[in-house]
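Chemist: Structure: run_0.tsv, TSV, C-alpha atoms.
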chain	number	residue	atom	x	y	z
W	1	MET	CA	-10.22	30.01	23.59
W	2	TYR	CA	-10.70	29.47	27.35
W	3	GLN	CA	-10.11	33.19	27.96
W	4	GLN	CA	-12.64	34.00	25.28
W	5	LYS	CA	-15.25	31.85	27.01
W	6	LYS	CA	-14.56	33.46	30.39
W	7	LEU	CA	-14.89	36.88	28.85
W	8	VAL	CA	-18.18	35.94	27.27
W	9	GLU	CA	-19.50	34.66	30.57
W	10	SER	CA	-18.46	37.86	32.36
W	11	VAL	CA	-20.42	40.18	30.09
W	12	MET	CA	-23.32	37.99	29.04
W	13	GLU	CA	-25.74	38.98	31.77
W	14	ASN	CA	-25.30	42.74	31.42
W	15	LEU	CA	-25.22	42.55	27.63
W	16	ALA	CA	-28.43	40.55	27.49
W	17	PHE	CA	-30.14	43.15	29.64
W	18	ALA	CA	-28.79	46.03	27.53
W	19	LEU	CA	-29.94	44.52	24.27
W	20	HIS	CA	-33.30	43.64	25.74
W	21	MET	CA	-33.81	47.16	27.12
W	22	LYS	CA	-32.34	48.90	24.02
W	23	ALA	CA	-29.58	50.44	26.10
W	24	ASP	CA	-28.21	53.83	25.15
W	25	ASP	CA	-24.67	54.62	24.01
W	26	THR	CA	-23.52	55.08	27.59
W	27	PHE	CA	-23.76	51.36	28.21
W	28	PHE	CA	-21.81	50.50	25.11
W	29	GLU	CA	-19.14	53.00	26.08
W	30	ARG	CA	-18.78	51.23	29.42
W	31	LEU	CA	-18.79	47.88	27.66
W	32	TYR	CA	-16.13	49.09	25.25
W	33	SER	CA	-13.94	50.31	28.12
W	34	THR	CA	-14.25	46.96	29.88
W	35	LEU	CA	-13.53	44.87	26.83
W	36	ILE	CA	-10.71	46.91	25.34
W	37	ASN	CA	-8.84	46.79	28.66
W	38	SER	CA	-9.43	43.06	29.14
W	39	VAL	CA	-8.38	41.31	25.94
W	40	LEU	CA	-6.66	41.83	22.65
W	41	ASP	CA	-9.26	39.82	20.74
W	42	ILE	CA	-11.78	41.52	18.48
W	43	ILE	CA	-15.05	41.75	20.40
W	44	THR	CA	-18.27	42.37	18.50
W	45	VAL	CA	-21.94	42.60	19.43
W	46	HIS	CA	-24.59	41.75	16.84
W	47	SER	CA	-28.31	42.00	16.51
W	48	LEU	CA	-30.29	38.88	15.64
W	49	ASP	CA	-30.00	39.71	11.95
W	50	ALA	CA	-26.19	39.61	12.43
W	51	LYS	CA	-25.61	43.36	11.99
W	52	TYR	CA	-22.72	44.87	13.92
W	53	LEU	CA	-23.91	46.95	16.90
W	54	PHE	CA	-20.54	47.25	18.55
W	55	ILE	CA	-16.94	46.42	17.62
W	56	THR	CA	-13.66	47.07	19.39
W	57	PRO	CA	-11.37	49.51	17.57
W	58	ASN	CA	-8.66	46.89	16.99
W	59	SER	CA	-10.74	45.85	13.98
W	60	LEU	CA	-8.79	48.55	12.13
W	61	GLN	CA	-5.52	46.74	12.87
W	62	HIS	CA	-6.79	43.38	11.62
W	63	PHE	CA	-9.36	44.24	8.98
W	64	GLY	CA	-8.39	47.73	7.84
W	65	TYR	CA	-11.93	49.00	8.57
W	66	THR	CA	-12.87	51.53	11.23
W	67	GLN	CA	-15.72	50.88	13.65
W	68	GLU	CA	-17.92	53.29	11.73
W	69	GLU	CA	-17.33	51.43	8.47
W	70	MET	CA	-18.45	48.11	9.97
W	71	ILE	CA	-21.38	49.16	12.21
W	72	GLY	CA	-24.66	48.30	10.52
W	73	LYS	CA	-23.12	45.69	8.25
W	74	THR	CA	-22.90	41.92	8.83
W	75	PRO	CA	-19.90	39.58	8.91
W	76	PHE	CA	-21.10	38.14	5.62
W	77	ASP	CA	-20.18	41.44	3.95
W	78	PHE	CA	-16.53	40.63	4.73
W	79	ILE	CA	-16.25	36.83	4.87
W	80	ALA	CA	-14.66	35.14	1.83
W	81	PRO	CA	-17.41	33.78	-0.45
W	82	ALA	CA	-16.05	30.23	-0.21
W	83	ASP	CA	-16.48	30.22	3.58
W	84	ALA	CA	-19.75	32.17	3.80
W	85	PRO	CA	-22.14	29.14	3.48
W	86	ARG	CA	-20.37	27.27	6.28
W	87	VAL	CA	-20.42	30.28	8.60
W	88	TYR	CA	-24.08	30.87	7.75
W	89	GLN	CA	-24.88	27.34	8.96
W	90	VAL	CA	-23.29	28.17	12.31
W	91	TYR	CA	-25.32	31.39	12.49
W	92	GLN	CA	-28.53	29.44	11.81
W	93	LYS	CA	-27.76	26.85	14.49
W	94	LEU	CA	-27.37	29.62	17.07
W	95	LEU	CA	-30.45	31.42	15.85
W	96	LYS	CA	-32.56	28.25	16.04
W	97	GLY	CA	-31.31	27.49	19.51
W	98	GLU	CA	-29.62	24.21	18.54
W	99	GLN	CA	-26.56	25.36	20.49
W	100	ASP	CA	-25.78	28.35	22.67
W	101	SER	CA	-22.21	28.86	21.42
W	102	LEU	CA	-20.08	27.64	18.53
W	103	THR	CA	-16.55	28.15	17.27
W	104	VAL	CA	-15.86	28.64	13.59
W	105	SER	CA	-12.82	29.58	11.48
W	106	PHE	CA	-13.06	31.44	8.19
W	107	GLN	CA	-11.24	33.73	5.80
W	108	HIS	CA	-11.95	37.44	6.23
W	109	GLN	CA	-11.32	39.99	3.46
W	110	THR	CA	-9.53	43.15	4.58
W	111	LYS	CA	-10.06	46.62	3.20
W	112	GLN	CA	-6.65	46.35	1.53
W	113	GLY	CA	-7.74	43.22	-0.35
W	114	GLU	CA	-5.78	40.81	1.80
W	115	THR	CA	-7.19	37.63	3.34
W	116	ARG	CA	-6.88	36.97	7.07
W	117	VAL	CA	-7.86	33.73	8.82
W	118	ILE	CA	-10.15	34.42	11.78
W	119	GLU	CA	-11.31	32.11	14.56
W	120	SER	CA	-14.52	33.23	16.26
W	121	LEU	CA	-16.44	32.09	19.31
W	122	ALA	CA	-20.07	33.13	18.77
W	123	THR	CA	-22.50	33.02	21.69
W	124	ILE	CA	-26.23	33.70	21.64
W	125	VAL	CA	-27.32	36.41	24.07
W	126	LYS	CA	-30.60	35.91	25.92
W	127	ALA	CA	-32.69	38.23	28.05
W	128	PRO	CA	-33.62	37.21	31.61
W	129	ASN	CA	-36.90	35.86	30.26
W	130	GLY	CA	-35.00	33.58	27.81
W	131	GLU	CA	-35.71	35.66	24.74
W	132	LYS	CA	-32.86	35.75	22.18
W	133	THR	CA	-31.62	39.30	21.83
W	134	GLY	CA	-28.37	39.11	19.84
W	135	PHE	CA	-24.90	37.65	19.55
W	136	LEU	CA	-21.60	38.24	21.28
W	137	ILE	CA	-18.59	37.21	19.21
W	138	SER	CA	-14.98	37.04	20.33
W	139	SER	CA	-12.57	36.71	17.39
W	140	ARG	CA	-8.86	36.41	16.97
W	141	ASP	CA	-6.54	36.56	13.98
W	142	ILE	CA	-4.91	33.13	13.54
W	143	THR	CA	-3.42	33.77	10.10
W	144	GLU	CA	0.17	33.15	11.12
W	145	VAL	CA	-0.65	29.98	13.06
W	146	TRP	CA	-2.94	28.76	10.28
W	147	THR	CA	-0.25	29.44	7.67
W	148	LYS	CA	2.34	27.46	9.64
W	149	ASP	CA	-0.12	24.62	10.19
W	150	GLN	CA	-0.96	24.64	6.50
W	151	ILE	CA	2.72	24.45	5.57
W	152	ILE	CA	3.16	21.51	7.95
W	153	LYS	CA	0.04	19.86	6.55
W	154	ASP	CA	1.20	20.37	2.96
W	155	ASN	CA	4.63	18.96	3.80
W	156	GLU	CA	3.03	15.96	5.50
W	157	GLU	CA	0.85	15.33	2.45
W	158	ARG	CA	3.85	15.58	0.13
W	159	TYR	CA	5.84	13.24	2.37
W	160	ARG	CA	2.99	10.74	2.52
W	161	SER	CA	2.59	10.92	-1.24
W	162	LEU	CA	6.28	10.15	-1.69
W	163	VAL	CA	6.19	7.32	0.84
W	164	ASP	CA	3.01	5.82	-0.62
W	165	ASN	CA	4.35	5.88	-4.18
W	166	THR	CA	7.96	4.89	-3.63
W	167	ASP	CA	9.27	1.48	-4.65
W	168	THR	CA	10.87	1.13	-1.23
W	169	LEU	CA	9.07	-1.01	1.36
W	170	ILE	CA	8.56	1.14	4.48
W	171	THR	CA	7.16	0.12	7.86
W	172	THR	CA	7.40	1.51	11.39
W	173	PHE	CA	7.14	-0.37	14.68
W	174	ASP	CA	6.67	0.49	18.33
W	175	LYS	CA	8.80	-1.13	21.04
W	176	HIS	CA	6.32	-4.00	21.29
W	177	LEU	CA	6.82	-4.71	17.57
W	178	ASN	CA	3.34	-3.55	16.60
W	179	TYR	CA	2.97	-2.14	13.09
W	180	LEU	CA	2.36	1.63	13.30
W	181	PHE	CA	2.70	2.43	9.61
W	182	VAL	CA	2.90	0.34	6.45
W	183	ASN	CA	3.17	1.85	2.98
W	184	PRO	CA	1.27	0.19	0.10
W	185	ARG	CA	4.45	-1.28	-1.41
W	186	ALA	CA	5.35	-3.09	1.83
W	187	ALA	CA	1.82	-4.45	2.25
W	188	ALA	CA	1.68	-5.60	-1.37
W	189	PHE	CA	4.85	-7.65	-0.85
W	190	TRP	CA	2.79	-9.91	1.44
W	191	GLY	CA	-0.28	-9.71	-0.79
W	192	LEU	CA	-2.10	-7.47	1.74
W	193	GLN	CA	-3.40	-3.93	2.24
W	194	PRO	CA	-1.79	-1.54	4.78
W	195	THR	CA	-4.93	-1.77	6.96
W	196	ASP	CA	-4.40	-5.54	7.19
W	197	LEU	CA	-1.11	-4.94	9.00
W	198	ILE	CA	-1.42	-1.71	11.01
W	199	GLY	CA	-2.05	-2.52	14.66
W	200	LYS	CA	-0.97	-6.13	14.24
W	201	ASN	CA	2.15	-7.53	15.84
W	202	TRP	CA	5.23	-8.43	13.85
W	203	ARG	CA	5.24	-11.93	15.33
W	204	GLN	CA	1.71	-12.53	14.07
W	205	MET	CA	2.57	-11.70	10.48
W	206	ALA	CA	6.25	-12.58	9.92
W	207	PRO	CA	7.48	-16.07	9.04
W	208	THR	CA	9.18	-18.00	11.83
W	209	ASP	CA	12.45	-18.71	10.03
W	210	GLU	CA	15.80	-17.58	11.39
W	211	LYS	CA	16.12	-14.65	9.00
W	212	PHE	CA	12.99	-12.95	10.32
W	213	GLN	CA	14.05	-13.66	13.88
W	214	GLU	CA	17.26	-11.83	12.98
W	215	TYR	CA	15.23	-8.81	11.76
W	216	GLU	CA	13.36	-8.77	15.08
W	217	GLN	CA	16.69	-8.70	16.91
W	218	HIS	CA	17.80	-5.72	14.80
W	219	ILE	CA	14.59	-3.81	15.66
W	220	THR	CA	15.08	-4.51	19.36
W	221	HIS	CA	18.73	-3.49	19.09
W	222	VAL	CA	17.83	-0.11	17.55
W	223	PHE	CA	15.30	0.58	20.32
W	224	SER	CA	17.91	-0.08	22.99
W	225	THR	CA	20.94	1.59	21.39
W	226	ARG	CA	19.50	4.25	19.02
W	227	GLU	CA	22.01	2.98	16.45
W	228	LYS	CA	21.05	2.60	12.80
W	229	VAL	CA	21.52	-0.87	11.29
W	230	VAL	CA	22.04	-1.49	7.57
W	231	LEU	CA	21.94	-4.92	5.91
W	232	HIS	CA	23.23	-5.35	2.38
W	233	GLU	CA	21.90	-7.92	-0.07
W	234	VAL	CA	19.33	-9.67	2.09
W	235	THR	CA	17.50	-12.60	0.48
W	236	VAL	CA	13.76	-12.90	1.15
W	237	LEU	CA	11.29	-15.43	-0.23
W	238	ALA	CA	8.27	-13.63	-1.67
W	239	GLN	CA	4.70	-14.91	-1.88
W	240	ASP	CA	5.52	-16.82	-5.06
W	241	THR	CA	8.50	-18.42	-3.20
W	242	LYS	CA	10.96	-16.85	-5.62
W	243	PRO	CA	14.00	-15.33	-3.92
W	244	ARG	CA	14.22	-11.54	-3.94
W	245	TRP	CA	17.10	-9.40	-2.72
W	246	PHE	CA	16.93	-6.20	-0.67
W	247	THR	CA	19.08	-3.63	1.07
W	248	MET	CA	17.49	-3.05	4.48
W	249	SER	CA	17.90	-0.30	7.05
W	250	PHE	CA	16.60	-0.08	10.61
W	251	VAL	CA	16.41	3.59	11.65
W	252	PRO	CA	15.48	4.99	15.10
W	253	ILE	CA	12.78	7.69	15.31
W	254	VAL	CA	13.62	9.70	18.42
W	255	GLY	CA	11.08	11.72	20.44
W	256	ASP	CA	11.47	15.03	22.29
W	257	ASP	CA	12.62	13.17	25.40
W	258	ASN	CA	15.53	11.70	23.41
W	259	THR	CA	14.20	8.14	23.54
W	260	VAL	CA	13.37	5.93	20.58
W	261	LYS	CA	9.62	6.02	19.98
W	262	GLN	CA	9.53	4.04	16.73
W	263	VAL	CA	11.85	2.14	14.45
W	264	MET	CA	11.47	2.60	10.72
W	265	VAL	CA	12.38	-0.41	8.59
W	266	SER	CA	12.95	0.31	4.91
W	267	ALA	CA	13.80	-2.26	2.28
W	268	THR	CA	14.92	-1.31	-1.22
W	269	GLU	CA	14.70	-4.12	-3.71
W	270	ILE	CA	17.92	-4.87	-5.61
W	271	THR	CA	16.79	-8.16	-7.21
W	272	ASN	CA	17.42	-6.98	-10.77
W	273	SER	CA	20.89	-5.72	-9.88
W	274	VAL	CA	21.80	-9.00	-8.19
W	275	LEU	CA	20.50	-11.08	-11.10
W	276	ASP	CA	22.33	-8.86	-13.58
W	277	ARG	CA	25.54	-9.24	-11.59
W	278	GLU	CA	25.13	-13.01	-11.42
W	279	LYS	CA	24.51	-13.07	-15.16
W	280	ILE	CA	27.68	-11.05	-15.75
W	281	GLN	CA	29.62	-13.35	-13.43
W	282	LEU	CA	28.39	-16.39	-15.38
W	283	GLN	CA	29.32	-14.77	-18.67
W	284	THR	CA	32.74	-13.87	-17.27
W	285	SER	CA	33.26	-17.45	-16.13
W	286	GLU	CA	32.35	-18.73	-19.59
W	287	LEU	CA	34.71	-16.23	-21.20
W	288	LYS	CA	37.50	-17.37	-18.88
W	289	GLU	CA	36.87	-20.95	-19.93
W	290	ILE	CA	36.98	-19.96	-23.59
W	291	ALA	CA	40.17	-18.01	-22.94
W	292	PHE	CA	41.73	-21.05	-21.26
W	293	ILE	CA	40.79	-23.29	-24.19
W	294	GLN	CA	42.20	-20.82	-26.69
W	295	SER	CA	45.37	-20.13	-24.76
W	296	HIS	CA	46.26	-23.69	-23.80
W	297	MET	CA	44.43	-26.29	-25.86
W	298	VAL	CA	44.71	-24.36	-29.13
W	299	ARG	CA	48.23	-23.09	-28.56
W	300	SER	CA	49.67	-26.59	-28.07
W	301	PRO	CA	48.76	-27.89	-31.57
W	302	LEU	CA	49.82	-24.53	-33.02
W	303	ALA	CA	53.25	-24.94	-31.47
W	304	ASN	CA	53.44	-28.42	-33.04
W	305	ILE	CA	52.53	-26.99	-36.45
W	306	GLN	CA	55.22	-24.31	-36.10
W	307	GLY	CA	57.77	-26.98	-35.24
W	308	LEU	CA	56.82	-29.15	-38.19
W	309	LEU	CA	57.02	-26.19	-40.57
W	310	GLN	CA	60.50	-25.39	-39.34
W	311	LEU	CA	61.53	-29.03	-39.62
W	312	ILE	CA	60.31	-29.24	-43.23
W	313	GLN	CA	62.18	-26.10	-44.10
W	314	ASP	CA	65.39	-27.30	-42.42
W	315	THR	CA	65.34	-30.71	-44.11
W	316	CYS	CA	64.81	-29.36	-47.59
W	317	THR	CA	68.19	-29.96	-49.40
W	318	ASP	CA	67.41	-28.46	-52.74
W	319	LYS	CA	66.28	-24.98	-51.81
W	320	GLU	CA	66.62	-23.66	-55.35
W	321	THR	CA	64.44	-26.34	-56.84
W	322	ASN	CA	61.82	-26.00	-54.07
W	323	LYS	CA	62.00	-22.22	-53.84
W	324	GLU	CA	58.26	-21.66	-54.27
W	325	GLN	CA	57.39	-24.29	-51.67
W	326	ILE	CA	59.85	-22.75	-49.19
W	327	GLU	CA	58.34	-19.29	-49.69
W	328	MET	CA	54.90	-20.72	-49.02
W	329	LEU	CA	56.19	-22.43	-45.88
W	330	GLN	CA	57.65	-19.12	-44.73
W	331	LEU	CA	54.29	-17.41	-45.28
W	332	VAL	CA	52.55	-20.11	-43.26
W	333	GLN	CA	55.18	-19.72	-40.52
W	334	HIS	CA	54.57	-15.97	-40.49
W	335	GLU	CA	50.82	-16.40	-40.06
W	336	ALA	CA	51.39	-19.06	-37.40
W	337	LYS	CA	53.55	-16.60	-35.45
W	338	LYS	CA	50.80	-13.97	-35.65
W	339	LEU	CA	48.28	-16.51	-34.36
W	340	ASP	CA	50.69	-17.48	-31.58
W	341	LYS	CA	51.05	-13.83	-30.55
W	342	LEU	CA	47.29	-13.46	-30.46
W	343	LEU	CA	46.98	-16.51	-28.24
W	344	LEU	CA	49.69	-15.11	-25.95
W	345	ASP	CA	47.63	-11.91	-25.61
W	346	ILE	CA	44.63	-14.02	-24.62
W	347	VAL	CA	46.74	-15.85	-22.05
W	348	GLN	CA	47.80	-12.47	-20.59
W	349	LYS	CA	44.21	-11.20	-20.40
W	350	SER	CA	43.09	-14.46	-18.81
W	351	TYR	CA	45.85	-14.12	-16.23
W	352	GLN	CA	44.81	-10.53	-15.42
W	353	LEU	CA	41.17	-11.63	-14.93
W	354	ARG	CA	42.25	-14.37	-12.52
W	355	GLN	CA	44.41	-11.91	-10.60
W	356	ALA	CA	41.48	-9.44	-10.32
W	357	ASP	CA	39.22	-12.20	-8.94
W	358	ASN	CA	41.79	-12.97	-6.25
W	359	LEU	CA	41.86	-9.38	-4.95
Please express what this file holds, its structure, as structure tokens.
Modeler:
Amino acid sequence: MYQQKKLVESVMENLAFALHMKADDTFFERLYSTLINSVLDIITVHSLDAKYLFITPNSLQHFGYTQEEMIGKTPFDFIAPADAPRVYQVYQKLLKGEQDSLTVSFQHQTKQGETRVIESLATIVKAPNGEKTGFLISSRDITEVWTKDQIIKDNEERYRSLVDNTDTLITTFDKHLNYLFVNPRAAAFWGLQPTDLIGKNWRQMAPTDEKFQEYEQHITHVFSTREKVVLHEVTVLAQDTKPRWFTMSFVPIVGDDNTVKQVMVSATEITNSVLDREKIQLQTSELKEIAFIQSHMVRSPLANIQGLLQLIQDTCTDKETNKEQIEMLQLVQHEAKKLDKLLLDIVQKSYQLRQADNL
């Protein structure tokens, strides 16, 4: 844009005189020769009603129109309808003398039906007596740059949307431990808005207990070593003083000079997982206790019953007379053995659980 301004300054005086004196084609031929050999931008000269009086031939390359097809028309014949009102406001400001030059970007329709993004520096041309005589516009095609910038912008918006809506608490700090970024989830943890934290210092906002002093040490460590730090199952007291558990990571954000510019701290809540695990552990403990009772306290009286049954059967002298009673005793013994085997299986399972806990 600096080169555009220098170019404008170099031709303004002669152009103002030519427009004021209604110069013939010879002047514009000389102007064309000067401009076409000086820059690759599209140079146009306009009357006060915005009609093209002169345009460099590279308009064909960018717009698909020849000089002849554009002379006598105005930029508004080619500007995308959505951008036309905004460009018209710039035109009016120049025409009213509110400013002598303005830069504006807009979408330009090509002859082939494509849309190009154009950046123009428009300057009002005045005669020596101060009378406005026309406009000089230097334009360049910035479609490729604009497209790349738009992709970056879109990606940034998508990233911000993800960060703002994630359940993970995300903050970034500078080396002085000032908050640079806080997502809504992280701010809500403290009952605040992101704007309440950004710009503040960590030491102003964080509790003074040892755990938070440890976090500060991790941030400082990452700045000095560029090494990522991960903490598993960290307990934090929330605003309602109930304990909550998180997995935390401290990640360096490195600049072009290979130094750490920021540290990102992310905390993913695992409270439900921890509580579920503790619940399972409690249930397992209770099951072990039940298994112990069944395998030891129940098995002992069962063994006594089995012994008594065998004793009754052995002391029976008249087996023929007491045949039915003996058969019933044998059935009871059979069922007692089945129950004993079941209890032995429980003992084995209980033993395996204890062995697994010891690993």
Chemist: Region 240-253 of chain W: which residues within 8 Å, counting only C-alpha atoms, same-chain residues fewer than 3 positions away excluded, as a ChimeraX atom specification?
Modeler: /W:218-219,222-223,226-237,260-271,274
Chemist: Could you check the closest approach to Thr110 (chain W) for each of W:Pro75, W:Gly64, W:Gly130, W:Pro57 and tell me which residue wins, using all atoms listed in the file?
Modeler: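 Selected residue with least distance to Thr110 (chain W): W:Gly64.
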Chemist: At a cut-off of 12 Å from (-17.4, 42.8, 12.8) in the coordinates of the file, what residues are picked up using all atoms listed in the file, written as number ranges by chain?
Modeler: W: 41-47, 50-60, 62-79, 108-110, 118, 120, 122, 135-140
Chemist: Contacts of Asp340 (chain W) at 10 Å or less, counting only C-alpha atoms, minus same-chain residues fewer than 2 places along, as a list in words?
Modeler: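 My reading of the contact set: Ser295, Val298, Arg299, Ser300, Leu302, Ala303, Gln306, His334, Glu335, Ala336, Lys337, Lys338, Leu342, Leu343, Leu344, Asp345 and Ile346 of chain W.
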Chemist: Can you pull out the residues contacting Pro85 (chain W)? Cut-off 12 Å, using all atoms listed in the file, and skip same-chain residues under 4 positions away; I want them as a list in words.
Modeler: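 Skipping anything fewer than 4 positions along the chain leaves Pro75, Phe76, Ile79, Ala80, Pro81, Gln89, Val90, Tyr91, Gln92, Val104 and Phe106 of chain W.
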Chemist: At what distance in Å, to one decimal, does CA of Gln99 (chain W) lie from CA of Leu121 (chain W)?
Modeler: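 Answer for the CA of Leu121 (chain W) to CA of Gln99 (chain W) separation: 12.2 Å.
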Chemist: May I have the centre and edge lengths, in Å to one decimal, of an axis-aligned box around the listed atoms of region 66-81 of chain W with 6 Å added to every side, as AutoDock Vina command-line options?
Modeler:
--center_x -18.8 --center_y 43.5 --center_z 6.6 --size_x 23.8 --size_y 31.5 --size_z 26.1
Chemist: I need every residue sitting at most 10 Å from the point (3.1, -4.9, 14.8) (coordinates as in the file, only C-alpha atoms considered), written as a ChimeraX atom specification.
Modeler: /W:171-182,197-206
